[in-house]
Amino acid sequence: MASGKAAAVAKKLTKGVSKKGTRIHNKVHFYRGKTVDLPKAPKYASRSTPKKNTLDKYSVIKYPLTTESSMKLIEDSNTLVFIVDIKSNKRQIKAAVKELYNIDCVKVNTLITPKGLKKSYVRLSKDYDALDVANKVGVI
C-alpha cells in the first residue's frame with residue numbers, strides 16, 4: 001500500500017502535473033496582461049539636425065509700445081511696455097530685457113490683445129528710471 005502511494009507520487013514528479021483547465025473570472029473587467037516593453041534602439045536619428053531655438057533675445061521682444069497709456073506707465077509706475085513674441089513666457093521676457101537693455105526688472109505682466117499680440121508690462125527695479133531707459137531705447 002505504501003509502495004503504491006510512493007510509486008504514484010514518483011510518477012507525478014517525473015511526469016509533472018497538468019494545471020490546464022478553465023479559468024474562473026472573479027471580476028467584471030478584463031485586464032490585459034503586461035508584456036515586455038523593450039527600450040528603443042534606433043538605427044538613425046529621427047531628425048537629421050537638432051532643433052534650433054528660434055526664441056533668442058532679439059526675437060522675444062518685437063518692439064516697445066509708444067501709446068499714451070504706455071507713456072503714462074513710464075512716468076508714473078516705472079514700467080516699460082513691449083510687444084513680445086506670442087510664444088515667449090515671462091522668464092524669457094525678463095531675461096531678454098536684462099540682456100538687451102542691461103536693466104533689472106522686478107516684475108513682468110503679460111496679456112494677449114484682441115489683435116492676437118502679446119503685450120508685456122515690465123516693471124523696473126528702483127535702481128533704474130523708466131524715463132532714462134525709454135530715452136535710451138528710443139521710445140521717447
# chains A, B, ... in the order shown; residues from 1 in each chain; ligands from 1
call {"tool": "residues_around", "arguments": {"residues": "Ser125 (chain A)", "least_positions_apart": "5", "cutoff": "7 Å", "atoms": "only C-alpha atoms", "output": "tab-separated table (two decimals) with N, CA, C and O atoms, in the first residue's frame"}}
result
chain	number	residue	atom	x	y	z
A	104	ASP	N	17.55	95.69	-14.59
A	104	ASP	CA	16.88	94.66	-13.79
A	104	ASP	C	15.40	94.98	-13.71
A	104	ASP	O	15.03	96.14	-13.47
A	105	CYS	N	14.58	93.96	-13.90
A	105	CYS	CA	13.15	94.18	-13.75
A	105	CYS	C	12.63	93.38	-12.56
A	105	CYS	O	13.08	92.28	-12.30
A	106	VAL	N	11.70	94.00	-11.87
A	106	VAL	CA	11.12	93.40	-10.67
A	106	VAL	C	10.04	92.41	-11.06
A	106	VAL	O	9.96	91.30	-10.52
call {"tool": "residues_around", "arguments": {"residues": "region 116-123 of chain A", "least_positions_apart": "5", "cutoff": "6 Å", "atoms": "only C-alpha atoms", "output": "list in words"}}
result
Thr79, Leu80, Val81, Phe82, Ile83, Val84, Ile86, Cys105, Val106, Lys107, Val108, Asn109, Thr110 and Leu111 of chain A
call {"tool": "closest_atom_pairs", "arguments": {"of": "region 97-138 of chain A", "to": "region 43-59 of chain A", "cutoff": "8 Å", "atoms": "only C-alpha atoms", "output": "JSON lines"}}
result
{"residue": "A:Val97", "atom": "CA", "partner": "A:Lys57", "partner_atom": "CA", "distance": 7.9}
{"residue": "A:Glu99", "atom": "CA", "partner": "A:Lys57", "partner_atom": "CA", "distance": 7.4}
{"residue": "A:Leu100", "atom": "CA", "partner": "A:Lys57", "partner_atom": "CA", "distance": 7.3}
call {"tool": "select_by_dssp", "arguments": {"residues": "chain A", "states": "helix (DSSP H, G or I)", "output": "JSON, numbers by chain"}}
result
{"A": [2, 3, 4, 5, 6, 7, 8, 9, 10, 11, 12, 13, 14, 15, 57, 58, 59, 60, 68, 69, 70, 71, 72, 73, 74, 75, 76, 77, 90, 91, 92, 93, 94, 95, 96, 97, 98, 99, 100, 101, 130, 131, 132, 133, 134, 135, 136, 137]}
call {"tool": "atom_distance", "arguments": {"atom1": "CA of Ala8 (chain A)", "atom2": "CA of Arg23 (chain A)"}}
result
26.9 Å
call {"tool": "atom_distance", "arguments": {"atom1": "CA of Lys15 (chain A)", "atom2": "CA of Ala2 (chain A)"}}
result
19.9 Å
call {"tool": "closest_residue", "arguments": {"among": "A:Ile24, A:Leu124, A:Ile93, A:Ile140", "to": "Asp76 (chain A)", "atoms": "only C-alpha atoms"}}
result
A:Leu124
call {"tool": "residues_around", "arguments": {"residues": "Val133 (chain A)", "least_positions_apart": "6", "cutoff": "9 Å", "atoms": "only C-alpha atoms", "output": "JSON, numbers by chain"}}
result
{"A": [80, 101, 103, 139]}
call {"tool": "atom_distance", "arguments": {"atom1": "CA of Ser88 (chain A)", "atom2": "CA of Tyr128 (chain A)"}}
result
24.1 Å
call {"tool": "select_by_dssp", "arguments": {"residues": "chain A", "states": "strand (DSSP E)", "output": "list in words"}}
result
Ile61, Lys62, Tyr63, Pro64, Thr79, Leu80, Val81, Phe82, Ile83, Val84, Cys105, Val106, Lys107, Val108, Asn109, Thr110, Leu111, Ile112, Lys118, Lys119, Ser120, Tyr121, Val122, Arg123 and Leu124 of chain A
call {"tool": "closest_residue", "arguments": {"among": "A:Val137, A:Lys27, A:Arg32, A:Leu13", "to": "Leu65 (chain A)", "atoms": "only C-alpha atoms"}}
result
A:Val137
